[in-house]
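First comes the structure, then the notes that go with it.
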Amino acid sequence: MNATNNSGPMGGNRIVPSAPASAASAVSRISAKDVTVHYGEKQAIFGVSMEVPEKSVTAFIGPSGCGKSTFLRCFNRMNDTIEGCKVGGKITIDGEDIYDPSLDVVELRARVGMVFQKPNPFPKSIYDNIAYGPRIHGLVKNKAETDELVESSLKKAGLWKEVHDRLDAPGTGLSGGQQQRLCIARTIATGPEVILMDEPCSALDPIATSIVEDLIHELKEQYTIIIVTHSMQQAARVSQKTAFFHLGKLIEYGETEQIFVNPKEKQTEAYITGRIG
Amino acid sequence: MTDLAQTATGAPANEAEANARRRAQVRRSLARRNRAETRFKMLGLGSVLAAMAFVAILFGNILSNGLPAFWQFTLETEITFDPEVINVPDRPVRQAGQSDADYQAEMLGWQRRLAMVNWNRLLIAGVESAMAEDGVTTEIDARSAQSIIDSGARFVLRDMVIADPSIIGQTRRLNLLLSADGDNWAKEKLSRNLPDERQQLSRPARDVIDALMESGSVHRSFAWHIFTNVDSRSSPASAGLAGAFMGSFYMMLVVLLLAVPIGVASAIYLEEFAPKNRVTDLIEVNINNLAAVPSIVFGLLGAAVFINIFHLPLSAPLVGGLVLTLMTLPTVIIATRSSLRAVPPSLRQAALGIGASKTQMVFHHVLPVTYPGILTASILGVAQALGETAPLLLIGMNAFVANIPATPLDQSAALPVQIYLWQGNENRNFFEERTFAAIIVLLALMILLNALAIWLRSRLERKA
Ligand SMILES: Nc1ncnc2c1ncn2[C@@H]1O[C@H](COP(=O)(O)OP(=O)(O)OP(=O)(O)O)[C@@H](O)[C@H]1O
Ligand SMILES: [Mg+2]
């Protein structure tokens, strides 16, 4: 089950353990090796390895409870905050082991931002929601810099037009879709390299969803994005690579188009055609 | 459809029948459920009404018994500051080159001379002048005349002279408090038919009060001194709550300054930072048990630790405050922990997710949303401590103290203990009303504190 990145030409391209040299156009920034996760006695992830390419969108799909969120949380060590959760194996970003004891998890989380399933803005003003991260990380020195960063983050998240005249209003007073974009802007503001998204659209209506999807599409020019989704259409629309999980194992990982058009594994095909889920 | 039902071996007909049966069944059970609901609603309403009735009875009783105490009978009369009676030298004036200590000593000597003046003679003369003014001709002896006026009036006159010695030789119109016995008589708390030997005032004194009430010189006035005077044994009519109030105030200050920060800090540590293991479990169980310990036990502990080991003074608000702090701590800790626990995990995730450290998460995000809860809990804890009596008895706060404490280390009374002391006073006729008045003051403070809690809560919640 050792999947690798593969950005070669589409169609009939099989996932092979060693990628051909011609496919090295996208650099792997994130790499996971033999990752296991235990919740107490119970094992949730079984030896997953994968390479996530830079500046693209990678989608995690799979039936409920298969461990997508658990695996996603390994990349910014959010699992550390869960009582009894143990992560094994090795995950590196730019060759740096993120589970190295000398690494400060706070710094990691500034580099690897996360957007959650339910929009969770702070119960503060829109402005403070965005300014908080840069402030605690010392990324801004004065009001002018903060103002600028708030504006540029909101613009990148496509929210500036809607909220520029009420930055002092509470973030919790926005609509669900706006709140989620606010959370994305908040994540962008700390200048991450990677953005993890755990079902970011599951609480949104179709219009808000398509706005967020467009946003993800733009963000991938700058950021490496990993997104967990239950919607196969969404995975197909926004991602370049797709990983299919089942019962804590990575079943298949490859180009999105290949996964959907020409799945290699029986289980993947069964899930995509709606026979497991 | 109908012919289909007949042709297809009656199955659909059976189905319709089954549906009808099921609907009837649901309707029957629905009726039962509705009855149960109505019954429950009635019971709930009934208990709320009963509780309100009890509260109404309680407050009605307290108010009807206590409010009259706030109006005491006074005698309005002319007092002549007779220089023959007030036979003292001029108030010392500070000489050039006189040292501070010398001047103080001289001043004290002068005040001692004033203390030896027979002020009662002025008071008796005051009663007589009122009688003369109103044409009351009853024969009255000096002792009876003196018994009409509260003996605390002596100090009122003395203080007037100290404040302004030029008053000597002048006449002033004053409102003098009637003595406790006089007040009882005027308020008709004693039956007028009791024989002389069972009356507390002599016949002439009673007659004079009646006559002066008739003419209006003896009338009710609002008893401001209840709020400004300290407790007094020699002149109960002018006894007040100021000392007890300040004592309670200092104790509440100590509780606020100690129980709230310590309690909130321990709760935050236990809930957010402490590792979850046997030791913390044990601590948690013990805190819950502490909350259930009877308050008198805390009093014993306070007496043993603060007074016997640390040699802090008896009857001091500081010690009272420390004991009440021990008592309030578990309440504050438990309430703070439960409001911390009620913070949704999504908020914590949001903070951690953008790289806040644990401390930043707690202090920037979690605590602010729990302020209303912590605040309410703290104020209710303080209010509970305000009313606590038993532990204070064990650290000597039931001693009779006749001054206002200037610091938390001075001897002092406390409001609930004052209620207890007045309740046990031998002059039942006068102090029963007084006790209720003190209860009204205490309850008013509690209601004020609770109102403050509600107001702060709604304010903070609106801001969040
Ligand atoms: N905090 C936890 N404690 C114990 N077990 C957990 C915890 N979180 C998840 N699990 C278990 O780990 C497994 C994987 O859960 P996870 O949430 O990663 O699934 P998922 O693929 O994200 O599912 P969904 O699509 O429903 O969100 C499940 O069996 C779940 O019961
Ligand atoms: Mg999930």
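Identifiers in this document derive from the order of the structure tokens: chains are assigned A, B, ..., residues are numbered from 1 separately in each chain, and ligands are numbered from 1 in order of occurrence.
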
Inset, instruction - Set the cut-off to 7 Å, count only C-alpha atoms and all ligand atoms, and list whatever residues fall near ligand 1 as a list of chain:residue names. - result: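 For ligand 1, the residues inside 7 Å are A:Tyr39, A:Ala44, A:Gly62, A:Pro63, A:Ser64, A:Gly65, A:Cys66, A:Gly67, A:Lys68, A:Ser69, A:Thr70, A:Phe71, A:Ile82, A:His230, A:Gly248.
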
Using only C-alpha atoms, find each residue of chain B with at least one atom at most 8 Å away from an atom of chain A; report its shortest atom-to-atom pair and that distance in Å (one decimal), sort the rows by chain and rising residue number, and return the result as a tab-separated table.
residue	atom	partner	partner_atom	distance
B:Ser346	CA	A:Asn120	CA	6.1
B:Leu347	CA	A:Asn120	CA	6.4
B:Ala350	CA	A:Asn120	CA	6.3
B:Leu352	CA	A:Arg109	CA	7.6
B:Gly353	CA	A:Met114	CA	5.7
B:Ile354	CA	A:Ala110	CA	5.7
B:Gly355	CA	A:Arg109	CA	4.6
B:Ala356	CA	A:Val106	CA	6.4
B:Ser357	CA	A:Val106	CA	6.1
B:His365	CA	A:Phe122	CA	7.5
B:Ala464	CA	A:Pro123	CA	6.3

Inset, instruction - Within 10 Å of Met246 in chain B, counting only C-alpha atoms, which residues show up once you throw out same-chain ones fewer than 4 positions away? Write them as a VMD selection string, please. - result: chain B and resid 230 241 to 242 250 to 252 317 403 to 408 412 to 415

Inset, instruction - Check the DSSP output for the backbone and give back, as a ChimeraX atom specification, the residues of range 51-184 of chain B in helix (DSSP H, G or I). - result: /B:51-70,100-115,119-134,142-148,153-163,165-167,180-184

Inset, instruction - Using only C-alpha atoms, determine which residues lie at most 8 Å from range 162-166 of chain A, disregarding the query and same-chain residues fewer than 3 positions distant; provide the list as a PyMOL selection string. - result: chain A and resi 126+151+159+169

Inset, instruction - For Ser239 in chain A, please output as number ranges by chain all residues within 6 Å (counting only C-alpha atoms; exclusion window: fewer than 5 positions along the same chain). - result: A: 57-59

Please write the residues from the selection above to a file, keeping N, CA, C and O atoms, as an mmCIF file, in the first residue's frame.
data_model
loop_
_atom_site.group_PDB
_atom_site.id
_atom_site.type_symbol
_atom_site.label_atom_id
_atom_site.label_comp_id
_atom_site.auth_asym_id
_atom_site.auth_seq_id
_atom_site.Cartn_x
_atom_site.Cartn_y
_atom_site.Cartn_z
ATOM 1 N N VAL A 57 -4.190 20.449 -4.484
ATOM 2 C CA VAL A 57 -5.201 20.021 -3.519
ATOM 3 C C VAL A 57 -5.244 18.512 -3.505
ATOM 4 O O VAL A 57 -5.357 17.872 -4.555
ATOM 5 N N THR A 58 -5.133 17.956 -2.299
ATOM 6 C CA THR A 58 -5.239 16.512 -2.140
ATOM 7 C C THR A 58 -6.505 16.219 -1.350
ATOM 8 O O THR A 58 -6.719 16.822 -0.303
ATOM 9 N N ALA A 59 -7.337 15.329 -1.854
ATOM 10 C CA ALA A 59 -8.596 15.035 -1.159
ATOM 11 C C ALA A 59 -8.507 13.679 -0.481
ATOM 12 O O ALA A 59 -7.938 12.737 -1.032
#

Legend entry - Among listed residues A:Ile227, A:Ile184, A:Ala208, A:Ile30, nearest ligand 2 (using only C-alpha atoms and all ligand atoms):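 Among the listed residues, the smallest separation from ligand 2 belongs to A:Ile227.
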
Long-range neighbours of Pro368 in chain B as a short mmCIF file (atom, residue, chain, number, x, y, z; two decimals) with N, CA and C atoms, in the first residue's frame, 10 Å cut-off, only C-alpha atoms, 4 positions minimum in chain:
data_model
loop_
_atom_site.label_atom_id
_atom_site.label_comp_id
_atom_site.auth_asym_id
_atom_site.auth_seq_id
_atom_site.Cartn_x
_atom_site.Cartn_y
_atom_site.Cartn_z
N PRO A 123 -15.40 34.25 19.39
CA PRO A 123 -16.46 35.22 19.72
C PRO A 123 -15.88 36.62 19.90
N VAL B 362 -6.22 29.27 26.89
CA VAL B 362 -7.02 29.41 28.11
C VAL B 362 -7.30 30.88 28.40
N PHE B 363 -6.26 31.72 28.38
CA PHE B 363 -6.46 33.08 28.84
C PHE B 363 -7.05 34.01 27.78
N HIS B 364 -6.81 33.72 26.50
CA HIS B 364 -7.36 34.60 25.46
C HIS B 364 -8.77 34.19 25.03
N PRO B 372 -18.78 35.45 32.75
CA PRO B 372 -20.09 35.61 33.39
C PRO B 372 -20.34 34.52 34.45
N ILE B 374 -18.12 32.61 36.08
CA ILE B 374 -17.22 32.72 37.22
C ILE B 374 -17.65 33.87 38.12
N LEU B 460 -21.85 41.27 30.65
CA LEU B 460 -20.74 40.53 30.05
C LEU B 460 -21.22 39.66 28.91
N ALA B 464 -19.99 39.62 24.95
CA ALA B 464 -19.33 38.46 24.35
C ALA B 464 -19.91 38.12 22.98
#

Ile251 in chain A: which residues within 8 Å, counting only C-alpha atoms, same-chain residues fewer than 3 positions away excluded, as a CSV table (one decimal) with N, CA, C and O atoms, in the first residue's frame?
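Done, and the output landed in result.csv:
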chain,number,residue,atom,x,y,z
A,1,MET,N,0.8,-1.2,0.0
A,1,MET,CA,0.0,0.0,0.0
A,1,MET,C,0.8,1.3,0.0
A,1,MET,O,0.6,2.2,0.6
A,243,ALA,N,-7.1,10.4,-2.1
A,243,ALA,CA,-6.7,9.2,-1.4
A,243,ALA,C,-8.0,8.6,-0.8
A,243,ALA,O,-8.8,9.3,-0.3
A,244,PHE,N,-8.1,7.3,-1.1
A,244,PHE,CA,-9.3,6.6,-0.6
A,244,PHE,C,-8.9,5.8,0.6
A,244,PHE,O,-8.0,4.9,0.6
A,245,PHE,N,-9.6,6.0,1.8
A,245,PHE,CA,-9.3,5.3,3.0
A,245,PHE,C,-10.5,4.3,3.3
A,245,PHE,O,-11.6,4.6,3.0
A,246,HIS,N,-10.2,3.2,3.9
A,246,HIS,CA,-11.2,2.3,4.3
A,246,HIS,C,-10.7,1.6,5.6
A,246,HIS,O,-9.6,1.0,5.6
A,265,GLU,N,-8.3,-0.4,-7.4
A,265,GLU,CA,-8.8,-1.3,-6.4
A,265,GLU,C,-10.3,-1.5,-6.5
A,265,GLU,O,-11.0,-0.6,-6.7
A,267,GLN,N,-12.3,-2.1,-3.9
A,267,GLN,CA,-12.9,-1.4,-2.9
A,267,GLN,C,-13.2,0.1,-3.3
A,267,GLN,O,-14.2,0.7,-3.0
A,268,THR,N,-12.2,0.7,-3.9
A,268,THR,CA,-12.4,2.1,-4.4
A,268,THR,C,-13.5,2.2,-5.3
A,268,THR,O,-14.4,3.0,-5.2

Legend entry - Those in range 53-274 of chain B with strand (DSSP E or B) from DSSP, as JSON, numbers by chain: {"B": [71, 72, 73, 74, 75, 76, 77, 78, 79, 80, 149, 171, 172, 173, 174, 175, 176, 177, 178, 218, 219, 220, 221, 222]}

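Distance check against Ile45 in chain A using only C-alpha atoms: of A:Arg275, A:Lys33, A:Lys155, A:Lys141, the minimum falls on A:Lys33.
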
Legend entry - Residue among A:Ala235, A:Val228, A:Cys85, A:Leu167 lying closest to ligand 2, counting only C-alpha atoms and all ligand atoms: A:Val228

Legend entry - Of the listed residues A:Leu72, A:Phe260, A:Asp205, A:Asp147, that which approaches Ile272 in chain A most closely, counting only C-alpha atoms: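 Going through A:Leu72, A:Phe260, A:Asp205, A:Asp147 one by one, the smallest distance to Ile272 in chain A is for A:Phe260.
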